[in-house]
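What follows is one structure encoded as structure tokens, with my remarks underneath.
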Amino acid sequence: MDIQKIGVISLIKAAVTGEKTQIPDGFDIELALDTAKKHQITSMLYYGAEICGFDKNAPVMKKLFFDLCKCIAVSERQKFEVGSVCKAFSENGIDHMPLKGTLLREMYPRQEMRLMSDADILIKTEQYENIRPIMTELGFSESVESNHEYIWKKDGIVIELHKRLIPSYNKDYYSYYGDGWKLAIPSETIPRRYEMSDEDQMIYLFTHFAKHYRGGGIGLRHITDLYVYRKYVRTLDEDYIRKELKKLKIYEFYKNINDTINVWFDGAFANEKTDIITDVIFSSGVYGADSQRRIAETVTLEKNDSIIKNAKYQRIIRLIFPSLDNMKLHYKVLIKAPFLLPVTWVIRLFKILFFKGEKAKRYYSDMKKISSQDINDYKRGLDSVGLHFDFEE
């Protein structure tokens with residue numbers, strides 16, 4: 001692990017523990033600022049640097065403080081809007097279960113350390129027609145619908161109302177979770193609000209982590225989440241967690257991630273596997289790198305088609321001509337008239353060519369560059385950390 005990585009990790013540790021850490025000689029906080037922006041952890045970097053005695057009047061600290069102020073403003077707006085949505089759901093008889101960042105942010109020493117790209121709330125799809133007017137009344141506008149969520153936006157705040165915990169196209173993890181409501185426990189204090197047990201929450205956070213890691217990478221914020229969650233909850237039934245993660249076939253990966261967390265935050269000695277994981281996480285953005293996502297997308301086809309050229313061709317064809325179920329999300333007419341699928345394909349192709357031409361060209365160029373060596377390196381990388389390539393998409 002190089003000096004820059006050690007320094008960034010040391011500042012994150014200082015921020016989440018409140019304790020001064022040793023910063024290695026030669027660490028460049030200006031370079032670390034670029035990493036922090038890429039991973040959306042500038043507030044953690046500032047608080048960590050403050051605790052470790054960096055000069056607040058230094059230009060880089062002023063840049064970090066400016067970003068911190070923006071983070072605080074966004075955090076307060078997120079807190080207010082999510083609170084308003086959950087309160088309205090409770091008052092109107094809507095079953096809901098806040099997920100991931102909406103819960104984790106309250107476990108950090110300061111909530112602005114854990115900004116959310118979007119706020120995730122699990123809902124029941126049969127209640128969605130009753131949810132729509134509530135969201136509209138709160139000033140949100142309905143955006144696109146995806147496989148597993150309804151997306152609503154309001155002045156930069158994004159609320160994702162989840163139909164299920166895991167997308168159904170992640171067949172291995174989805175077969176374990178279903179829509180997720182089987183894990184829901186009614187809140188003892190808030191009407192119509194649900195939560196998972198501490199253990200199931202940990203398992204879900206880690207499954208989400210594994211999903212992104214294998215799908216192109218995941219950033220510094222999410223491995224810090226796992227550390228903060230364990231530090232906050234403290235007591236977990238490890239036997240239950242081990243048993244369930246074995247069902248999900250990610251227990252070996254879980255052990256290696258815990259070893260990495262121990263290296264980062266508890267002074268354990270690094271090994272080859274923890275170094276690989278550290279390098280993958282630092283090279284990712286918040287949710288991974290585009291290049292790695294392209295490779296992961298190709299591999300999910302290549303595992304059933306030994307010829308990589310055909311796998312890349314399949315991926316491009318699937319993007320241009322998605323399945324009927326996928327097209328129904330964007331063209332509601334197909335729900336009642338599925339025979340119109342070819343017509344909507346033509347409309348979609350027209351939009352891609354005339355409105356997203358440059359983006360399509362970049363995607364095609366990225367796919368052409370993927371080689372057999374890239375595929376093999378990707379598989380070996382997953383295998384080496386215990387995330388074996390036997391998953392289904």
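Residues in the structure tokens are named by chain (A, B, ... in the order shown) and by number from 1 within that chain; ligands are numbered from 1 in the order shown.
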
Could you please write out, as number ranges by chain, every residue of region 131-307 of chain A that DSSP assigns to strand (DSSP E)? A: 141-145, 149-154, 157-162, 185-186, 194-195

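Close contacts of region 266-281 of chain A, defined as residues with an atom at most 7 Å away when counting only C-alpha atoms, with chain neighbours fewer than 2 positions off set aside, comprise Met1, Gly217, Ile218, Gly219, Leu220, Asn256, Asp259, Thr260, Asn262, Val263, Trp264, Ser283, Ser284, Ser384 and Val385 of chain A.
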
Would you pick out the contacts of Leu31 (chain A) at 10 Å or less, using only C-alpha atoms, so that residues sharing its chain but fewer than 5 positions from it are not included, and give the list as a count of residues only? 4

Do you know which residues are at most 12 Å from Glu50 (chain A) counting only C-alpha atoms, after dropping those on the same chain fewer than 6 positions away, and could you put them as a ChimeraX atom specification? /A:11-12,14-15,18-21,43-44,56-58,60-62,64-65,68

Residue contacts of region 338-349 of chain A (7 Å, only C-alpha atoms) excluding same-chain residues fewer than 2 positions away, as a tab-separated table (two decimals) with N, CA and C atoms, in the first residue's frame:
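Below is the file that was written, around_7.tsv:
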chain	number	residue	atom	x	y	z
A	320	ILE	N	-29.60	-2.06	-27.47
A	320	ILE	CA	-30.42	-1.42	-28.49
A	320	ILE	C	-31.84	-2.00	-28.52
A	321	PHE	N	-31.93	-3.32	-28.33
A	321	PHE	CA	-33.23	-4.00	-28.38
A	321	PHE	C	-33.47	-4.75	-27.07
A	324	LEU	N	-38.89	-7.32	-23.57
A	324	LEU	CA	-40.22	-6.74	-23.40
A	324	LEU	C	-40.40	-6.19	-21.99
A	334	LEU	N	-46.87	-0.80	-23.88
A	334	LEU	CA	-46.57	-2.22	-24.07
A	334	LEU	C	-47.23	-3.10	-23.02
A	335	ILE	N	-47.64	-2.52	-21.91
A	335	ILE	CA	-48.31	-3.31	-20.87
A	335	ILE	C	-49.61	-3.89	-21.42
A	336	LYS	N	-50.34	-3.07	-22.18
A	336	LYS	CA	-51.61	-3.53	-22.76
A	336	LYS	C	-51.46	-4.00	-24.20
A	351	LYS	N	-34.02	7.54	-31.04
A	351	LYS	CA	-33.56	8.41	-29.95
A	351	LYS	C	-32.07	8.25	-29.70
A	352	ILE	N	-31.60	7.00	-29.75
A	352	ILE	CA	-30.17	6.75	-29.51
A	352	ILE	C	-29.33	7.42	-30.59
A	353	LEU	N	-29.73	7.26	-31.86
A	353	LEU	CA	-28.94	7.78	-32.97
A	353	LEU	C	-28.94	9.30	-33.04

Please report the interatomic distance between CA of Thr102 (chain A) and CA of Leu205 (chain A) in Å with one decimal.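 Computing the Euclidean distance for CA of Thr102 (chain A) and CA of Leu205 (chain A) yields 12.2 Å.
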
Using DSSP assignments from the backbone, pull out every residue in region 53-267 of chain A that falls under helix (DSSP H, G or I) and give it to me as a PyMOL selection string. chain A and resi 59-91+101-107+111-113+125-137+171-177+181-183+198-214+220-233+238-247+251-266

Contacts of Arg114 (chain A) within 8 Å, only C-alpha atoms, excl. fewer than 6 positions in-chain, as a list of chain:residue names: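 Answer for this query is A:Ile41, A:Gly101, A:Leu104, A:Arg105, A:Tyr108, A:Arg221.
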
Taking only C-alpha atoms into account, name the residue in A:Lys154, A:Arg110, A:Lys100, A:His208 that is nearest to Val16 (chain A).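 The answer is A:Arg110, which sits nearest to Val16 (chain A).
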
Shell of 10 Å around region 241-247 of chain A, only C-alpha atoms, local chain residues under 2 positions omitted, as an MDAnalysis selection string: chainID A and resid 172:173 176 199:200 202:204 206:207 236:239 249:255
